[in-house]
$ cat structure28.cif   # mmCIF, C-alpha atoms
data_structure
#
loop_
_atom_site.label_atom_id
_atom_site.label_comp_id
_atom_site.auth_asym_id
_atom_site.auth_seq_id
_atom_site.Cartn_x
_atom_site.Cartn_y
_atom_site.Cartn_z
CA MET A 13 33.62 6.05 4.79
CA SER A 14 30.01 6.76 3.80
CA THR A 15 27.94 4.44 1.60
CA GLN A 16 26.02 5.61 -1.45
CA THR A 17 22.35 4.68 -1.80
CA ALA A 18 20.48 3.22 -4.77
CA VAL A 19 16.74 2.76 -5.30
CA VAL A 20 15.40 -0.08 -7.46
CA VAL A 21 11.65 0.08 -8.03
CA GLY A 22 9.93 -2.95 -9.48
CA VAL A 23 11.74 -5.86 -7.82
CA GLY A 24 10.14 -9.29 -7.98
CA VAL A 25 11.57 -12.79 -7.83
CA GLU A 26 15.23 -13.38 -7.04
CA ARG A 27 15.90 -14.59 -10.58
CA GLY A 28 14.67 -11.43 -12.23
CA LEU A 29 16.09 -8.17 -13.55
CA GLY A 30 15.08 -6.08 -10.54
CA ALA A 31 16.85 -8.43 -8.14
CA ALA A 32 19.90 -8.60 -10.41
CA LEU A 33 20.14 -4.80 -10.38
CA CYS A 34 19.98 -4.79 -6.59
CA ARG A 35 22.79 -7.34 -6.37
CA ARG A 36 24.90 -5.44 -8.92
CA PHE A 37 24.63 -2.14 -7.09
CA ALA A 38 25.24 -3.80 -3.72
CA ALA A 39 28.43 -5.32 -5.16
CA GLU A 40 29.58 -1.74 -5.79
CA ARG A 41 29.12 -1.02 -2.06
CA TYR A 42 25.78 0.72 -2.44
CA HIS A 43 23.06 0.49 0.16
CA VAL A 44 20.09 -0.69 -1.92
CA LEU A 45 16.43 0.05 -1.31
CA VAL A 46 14.65 -3.01 -2.73
CA ALA A 47 11.18 -1.72 -3.67
CA GLY A 48 8.34 -3.86 -4.98
CA ARG A 49 4.67 -4.61 -4.51
CA THR A 50 5.02 -8.05 -2.91
CA PRO A 51 6.77 -8.29 0.48
CA GLU A 52 7.20 -12.06 0.07
CA LYS A 53 9.30 -11.47 -3.06
CA ILE A 54 11.44 -8.49 -2.09
CA ALA A 55 12.40 -9.71 1.40
CA PRO A 56 14.47 -12.68 0.13
CA VAL A 57 16.29 -10.38 -2.30
CA ALA A 58 17.35 -8.02 0.48
CA ASP A 59 18.15 -10.88 2.86
CA ALA A 60 20.42 -12.57 0.31
CA ILE A 61 22.36 -9.35 -0.23
CA ASN A 62 22.80 -8.78 3.50
CA GLN A 63 23.87 -12.37 4.10
CA LYS A 64 26.66 -11.95 1.56
CA GLY A 65 28.00 -8.83 3.26
CA GLY A 66 26.10 -6.24 1.25
CA SER A 67 23.60 -3.68 2.47
CA ALA A 68 19.94 -3.71 1.49
CA GLU A 69 16.46 -3.19 2.86
CA ALA A 70 13.12 -4.27 1.47
CA LEU A 71 10.41 -1.63 1.13
CA PRO A 72 6.92 -2.61 -0.08
CA VAL A 73 5.83 0.02 -2.62
CA ASP A 74 2.94 0.25 -5.05
CA THR A 75 4.30 2.55 -7.75
CA THR A 76 0.78 3.56 -8.80
CA ARG A 77 0.16 5.12 -5.37
CA GLU A 78 1.62 8.60 -4.99
CA ASP A 79 1.90 8.39 -1.20
CA ASP A 80 3.91 5.16 -1.46
CA VAL A 81 6.37 6.70 -3.90
CA VAL A 82 6.79 9.86 -1.82
CA ARG A 83 7.52 7.76 1.29
CA LEU A 84 10.05 5.71 -0.65
CA PHE A 85 12.00 8.81 -1.64
CA ASP A 86 11.76 10.27 1.85
CA ARG A 87 13.57 7.13 2.96
CA ALA A 88 15.99 7.23 0.01
CA MET A 89 17.15 10.72 0.84
CA ALA A 90 17.54 9.98 4.57
CA PRO A 91 18.85 6.39 4.50
CA GLY A 92 20.54 6.40 7.91
CA ALA A 93 23.88 6.96 9.58
CA GLY A 94 26.93 6.48 7.38
CA ARG A 95 24.88 6.47 4.17
CA GLU A 96 24.62 9.16 1.55
CA PRO A 97 21.28 10.13 -0.02
CA ALA A 98 20.36 8.22 -3.16
CA ASP A 99 22.13 9.12 -6.38
CA LEU A 100 20.97 6.14 -8.46
CA VAL A 101 17.30 5.37 -9.19
CA VAL A 102 15.92 2.65 -11.47
CA PHE A 103 12.27 2.29 -12.48
CA ASN A 104 11.82 -1.34 -13.47
CA ALA A 105 8.11 -1.89 -12.77
CA GLY A 106 5.90 -3.36 -15.45
CA ASN A 107 3.99 -6.39 -16.61
CA ASN A 108 3.20 -8.02 -19.90
CA GLN A 109 0.44 -10.21 -21.29
CA ARG A 110 -0.90 -10.90 -24.75
CA ILE A 111 -4.51 -9.73 -25.06
CA ASP A 112 -6.42 -9.56 -28.32
CA PHE A 113 -7.38 -5.95 -28.99
CA LEU A 114 -11.10 -6.77 -29.29
CA ASP A 115 -10.98 -8.45 -25.87
CA LEU A 116 -9.03 -5.64 -24.19
CA SER A 117 -11.17 -4.02 -21.51
CA ALA A 118 -10.84 -0.39 -20.51
CA ASP A 119 -9.91 -1.45 -16.99
CA LYS A 120 -7.15 -3.76 -18.21
CA PHE A 121 -5.74 -1.09 -20.53
CA GLU A 122 -5.67 1.43 -17.68
CA GLN A 123 -4.08 -1.11 -15.34
CA PHE A 124 -1.15 -1.63 -17.70
CA TRP A 125 -0.79 2.12 -18.22
CA ARG A 126 -0.85 2.84 -14.49
CA VAL A 127 1.89 0.33 -13.70
CA GLY A 128 4.08 0.83 -16.77
CA CYS A 129 3.73 4.56 -17.41
CA PHE A 130 2.02 6.42 -14.56
CA GLY A 131 4.22 4.65 -12.02
CA GLY A 132 7.26 5.77 -14.01
CA PHE A 133 6.01 9.33 -13.94
CA LEU A 134 5.63 9.25 -10.15
CA VAL A 135 9.07 7.72 -9.60
CA GLY A 136 10.72 10.03 -12.13
CA ARG A 137 9.10 13.12 -10.68
CA GLU A 138 10.04 12.31 -7.09
CA ALA A 139 13.57 11.38 -8.11
CA ALA A 140 13.96 14.68 -9.97
CA ARG A 141 12.52 16.68 -7.07
CA ARG A 142 15.13 15.22 -4.74
CA LEU A 143 18.16 15.07 -7.06
CA VAL A 144 17.91 18.40 -8.91
CA PRO A 145 18.69 20.48 -5.79
CA LEU A 146 21.78 18.31 -5.30
CA GLY A 147 22.89 18.68 -8.91
CA ARG A 148 23.79 15.02 -9.40
CA GLY A 149 22.36 11.56 -9.88
CA THR A 150 21.19 8.97 -12.39
CA ILE A 151 17.61 7.93 -13.22
CA ILE A 152 17.16 4.89 -15.46
CA PHE A 153 13.90 3.58 -16.91
CA THR A 154 13.47 0.00 -18.14
CA GLY A 155 11.93 -0.16 -21.59
CA ALA A 156 11.17 -2.94 -24.05
CA SER A 157 10.79 -3.55 -27.76
CA GLY A 158 7.21 -2.37 -27.19
CA SER A 159 8.63 1.06 -26.39
CA LEU A 160 9.40 1.42 -30.10
CA ARG A 161 6.74 -0.61 -31.90
CA GLY A 162 3.39 -2.18 -31.20
CA LYS A 163 2.79 -5.83 -32.01
CA PRO A 164 -0.55 -7.62 -32.44
CA GLY A 165 -2.04 -8.40 -29.05
CA PHE A 166 0.20 -5.96 -27.17
CA ALA A 167 -1.39 -2.53 -27.75
CA HIS A 168 -1.86 -2.01 -24.01
CA PHE A 169 1.77 -2.89 -23.24
CA ALA A 170 3.20 -0.82 -26.09
CA ALA A 171 1.09 2.22 -25.14
CA ALA A 172 2.45 2.14 -21.59
CA LYS A 173 6.05 1.55 -22.65
CA ALA A 174 5.99 4.20 -25.36
CA GLY A 175 4.63 6.70 -22.85
CA LEU A 176 7.40 5.81 -20.41
CA ARG A 177 9.97 6.39 -23.13
CA MET A 178 8.62 9.89 -23.76
CA ILE A 179 8.80 10.63 -20.04
CA SER A 180 12.47 9.63 -20.05
CA GLN A 181 13.22 11.79 -23.09
CA SER A 182 11.47 14.85 -21.69
CA MET A 183 13.21 14.45 -18.34
CA ALA A 184 16.60 14.00 -19.98
CA ARG A 185 16.24 17.21 -21.97
CA GLU A 186 15.02 19.16 -18.96
CA TYR A 187 17.30 17.85 -16.24
CA GLY A 188 20.45 16.78 -18.08
CA PRO A 189 21.72 20.37 -18.13
CA LEU A 190 21.12 20.45 -14.37
CA GLY A 191 23.41 17.48 -13.74
CA ILE A 192 20.88 14.64 -13.71
CA HIS A 193 21.59 11.74 -16.08
CA VAL A 194 18.27 10.29 -17.32
CA ALA A 195 18.45 7.17 -19.48
CA HIS A 196 16.12 4.61 -21.04
CA VAL A 197 17.12 0.99 -21.65
CA VAL A 198 15.28 -0.87 -24.43
CA ILE A 199 15.35 -4.59 -23.62
CA ASP A 200 14.75 -6.19 -27.01
CA GLY A 201 14.26 -9.89 -26.38
CA GLY A 202 13.28 -12.41 -23.76
CA ILE A 203 14.93 -12.24 -20.34
CA ASN A 204 16.36 -15.44 -18.90
CA GLY A 205 14.50 -15.16 -15.61
CA ASP A 206 11.82 -16.92 -13.63
CA ARG A 207 8.90 -14.86 -14.96
CA LEU A 208 9.42 -15.86 -18.58
CA LEU A 209 10.62 -19.39 -17.93
CA SER A 210 7.67 -20.19 -15.66
CA ARG A 211 5.38 -19.44 -18.59
CA MET A 212 7.57 -21.00 -21.28
CA PRO A 213 9.81 -23.57 -19.54
CA THR A 214 11.33 -24.96 -22.76
CA LEU A 215 12.34 -21.57 -24.11
CA VAL A 216 16.04 -21.81 -23.21
CA GLN A 217 16.35 -25.08 -25.08
CA GLU A 218 14.47 -23.68 -28.07
CA ARG A 219 16.50 -20.46 -28.27
CA GLY A 220 19.87 -22.10 -27.72
CA GLU A 221 22.99 -20.71 -26.07
CA ASP A 222 22.73 -16.97 -25.42
CA GLY A 223 19.28 -16.92 -26.99
CA LEU A 224 17.86 -15.00 -24.04
CA LEU A 225 19.15 -11.90 -22.28
CA GLY A 226 21.11 -12.70 -19.13
CA ILE A 227 19.91 -10.71 -16.13
CA ASP A 228 23.41 -10.08 -14.80
CA ALA A 229 24.59 -8.89 -18.22
CA ILE A 230 21.70 -6.41 -18.38
CA ALA A 231 22.57 -5.21 -14.87
CA ASP A 232 26.14 -4.53 -16.02
CA THR A 233 24.73 -2.18 -18.68
CA TYR A 234 22.75 -0.21 -16.09
CA TRP A 235 25.86 0.17 -13.94
CA ALA A 236 27.89 1.31 -16.94
CA ILE A 237 25.29 3.99 -17.68
CA HIS A 238 25.54 5.24 -14.11
CA ARG A 239 29.32 5.44 -14.32
CA GLN A 240 29.45 7.33 -17.63
CA GLN A 241 31.33 10.61 -17.78
CA ARG A 242 28.94 13.50 -18.29
CA SER A 243 30.77 14.58 -21.45
CA ALA A 244 29.36 11.46 -23.15
CA TRP A 245 26.06 10.51 -21.54
CA THR A 246 23.75 7.91 -23.06
CA GLN A 247 20.06 8.80 -23.19
CA GLU A 248 18.96 5.50 -24.71
CA VAL A 249 20.59 2.14 -25.26
CA ASP A 250 19.15 -1.12 -26.53
CA VAL A 251 20.29 -4.60 -25.53
CA ARG A 252 19.45 -7.96 -27.08
CA PRO A 253 20.93 -11.46 -27.47
CA TYR A 254 23.33 -11.62 -30.40
CA ARG A 255 20.98 -14.10 -32.10
CA GLU A 256 17.90 -11.90 -31.72
CA PRO A 257 16.55 -10.55 -35.06
CA PHE A 258 15.80 -6.83 -35.14
#

$ encode --input "structure28.cif" --output "structure tokens"
Amino acid sequence: MSTQTAVVVGVGVERGLGAALCRRFAAERYHVLVAGRTPEKIAPVADAINQKGGSAEALPVDTTREDDVVRLFDRAMAPGAGREPADLVVFNAGNNQRIDFLDLSADKFEQFWRVGCFGGFLVGREAARRLVPLGRGTIIFTGASGSLRGKPGFAHFAAAKAGLRMISQSMAREYGPLGIHVAHVVIDGGINGDRLLSRMPTLVQERGEDGLLGIDAIADTYWAIHRQQRSAWTQEVDVRPYREPF
């Protein structure tokens, strides 16, 4: 029996959304390509999956480098004996930081755009190039509340995320009729993972029970999108803790 292949781009620490997505897909018997910029972070994610009987491999990828992204999809579409080419791709790369608009340098603005938007374009384009001839597959982009509105100090982040959202919409309208399900997930709230908690260690106590988004719960939503019947595809869904104001 052959194994399907999934690609998760933008994997960091083990207690993060990218790693949770990898574990979720591996639990569904997918071979997972764990792609991220830092080998020291993605290797433990892949190792943990393999040690628990799953199938994963770590691939260092800088999503702002076209050659890196092309090589990733070359691997995704020829994953090895007993494995089917990828039919599930997630772009989860991005970063966030509050910067006063008057202090925002051109280089910093471009850096956020390159990671959060340009990287999504490269991954989306390569995924479409490989999946369209096959007439099947799912491409999911990770968004944020900044995809919909800009807040003070986050113009650079919102610009990148809003651009990524438009990429997902354009792709969905172009490639949905060709059998490719393109979706965008708006994560509206703080994620209960190491990145946020390392910066704000008391946040869980302050927010209370279910005050932050659980990474495994978010991963369940991504899997549900992939499994949707094509007669009722989601293009965009938003998720937030039940206590989050919106």

$ resolve_selection --input "structure28.cif" --expression "the PyMOL selection byres ((chain A and resi 56) around 12)" --output "ChimeraX atom specification"
/A:23-27,31,34-35,46,48,50-55,57-63,68-71

$ write_last_selection --input "structure28.cif" --atoms "C-alpha atoms" --output "PDB file, in the frame of the given file"
ATOM      1  CA  VAL A  23      11.740  -5.860  -7.820  1.00  0.00           C
ATOM      2  CA  GLY A  24      10.140  -9.290  -7.980  1.00  0.00           C
ATOM      3  CA  VAL A  25      11.570 -12.790  -7.830  1.00  0.00           C
ATOM      4  CA  GLU A  26      15.230 -13.380  -7.040  1.00  0.00           C
ATOM      5  CA  ARG A  27      15.900 -14.590 -10.580  1.00  0.00           C
ATOM      6  CA  ALA A  31      16.850  -8.430  -8.140  1.00  0.00           C
ATOM      7  CA  CYS A  34      19.980  -4.790  -6.590  1.00  0.00           C
ATOM      8  CA  ARG A  35      22.790  -7.340  -6.370  1.00  0.00           C
ATOM      9  CA  VAL A  46      14.650  -3.010  -2.730  1.00  0.00           C
ATOM     10  CA  GLY A  48       8.340  -3.860  -4.980  1.00  0.00           C
ATOM     11  CA  THR A  50       5.020  -8.050  -2.910  1.00  0.00           C
ATOM     12  CA  PRO A  51       6.770  -8.290   0.480  1.00  0.00           C
ATOM     13  CA  GLU A  52       7.200 -12.060   0.070  1.00  0.00           C
ATOM     14  CA  LYS A  53       9.300 -11.470  -3.060  1.00  0.00           C
ATOM     15  CA  ILE A  54      11.440  -8.490  -2.090  1.00  0.00           C
ATOM     16  CA  ALA A  55      12.400  -9.710   1.400  1.00  0.00           C
ATOM     17  CA  VAL A  57      16.290 -10.380  -2.300  1.00  0.00           C
ATOM     18  CA  ALA A  58      17.350  -8.020   0.480  1.00  0.00           C
ATOM     19  CA  ASP A  59      18.150 -10.880   2.860  1.00  0.00           C
ATOM     20  CA  ALA A  60      20.420 -12.570   0.310  1.00  0.00           C
ATOM     21  CA  ILE A  61      22.360  -9.350  -0.230  1.00  0.00           C
ATOM     22  CA  ASN A  62      22.800  -8.780   3.500  1.00  0.00           C
ATOM     23  CA  GLN A  63      23.870 -12.370   4.100  1.00  0.00           C
ATOM     24  CA  ALA A  68      19.940  -3.710   1.490  1.00  0.00           C
ATOM     25  CA  GLU A  69      16.460  -3.190   2.860  1.00  0.00           C
ATOM     26  CA  ALA A  70      13.120  -4.270   1.470  1.00  0.00           C
ATOM     27  CA  LEU A  71      10.410  -1.630   1.130  1.00  0.00           C
TER      28      LEU A  71
END

$ atom_distance --input "structure28.cif" --atom1 "CA of Leu143 (chain A)" --atom2 "CA of Cys129 (chain A)"
20.6 Å

$ atom_distance --input "structure28.cif" --atom1 "CA of Gly30 (chain A)" --atom2 "CA of Pro257 (chain A)"
25.0 Å

$ closest_residue --input "structure28.cif" --among "A:Phe166, A:Val197, A:Arg141, A:Phe133" --to "Ser182 (chain A)" --atoms "only C-alpha atoms"
A:Phe133

$ residues_near_point --input "structure28.cif" --point "(1.8, -1.3, -16.2)" --cutoff "12 Å" --atoms "only C-alpha atoms" --output "compact mmCIF listing (two decimals) with C-alpha atoms, in the frame of the given file"
# COMPACT_ATOMS: atom_id res chain seq x y z
CA GLY A 22 9.93 -2.95 -9.48
CA ASP A 74 2.94 0.25 -5.05
CA THR A 75 4.30 2.55 -7.75
CA THR A 76 0.78 3.56 -8.80
CA PHE A 103 12.27 2.29 -12.48
CA ASN A 104 11.82 -1.34 -13.47
CA ALA A 105 8.11 -1.89 -12.77
CA GLY A 106 5.90 -3.36 -15.45
CA ASN A 107 3.99 -6.39 -16.61
CA ASN A 108 3.20 -8.02 -19.90
CA GLN A 109 0.44 -10.21 -21.29
CA ASP A 119 -9.91 -1.45 -16.99
CA LYS A 120 -7.15 -3.76 -18.21
CA PHE A 121 -5.74 -1.09 -20.53
CA GLU A 122 -5.67 1.43 -17.68
CA GLN A 123 -4.08 -1.11 -15.34
CA PHE A 124 -1.15 -1.63 -17.70
CA TRP A 125 -0.79 2.12 -18.22
CA ARG A 126 -0.85 2.84 -14.49
CA VAL A 127 1.89 0.33 -13.70
CA GLY A 128 4.08 0.83 -16.77
CA CYS A 129 3.73 4.56 -17.41
CA PHE A 130 2.02 6.42 -14.56
CA GLY A 131 4.22 4.65 -12.02
CA GLY A 132 7.26 5.77 -14.01
CA PHE A 133 6.01 9.33 -13.94
CA THR A 154 13.47 0.00 -18.14
CA GLY A 155 11.93 -0.16 -21.59
CA HIS A 168 -1.86 -2.01 -24.01
CA PHE A 169 1.77 -2.89 -23.24
CA ALA A 170 3.20 -0.82 -26.09
CA ALA A 171 1.09 2.22 -25.14
CA ALA A 172 2.45 2.14 -21.59
CA LYS A 173 6.05 1.55 -22.65
CA ALA A 174 5.99 4.20 -25.36
CA GLY A 175 4.63 6.70 -22.85
CA LEU A 176 7.40 5.81 -20.41
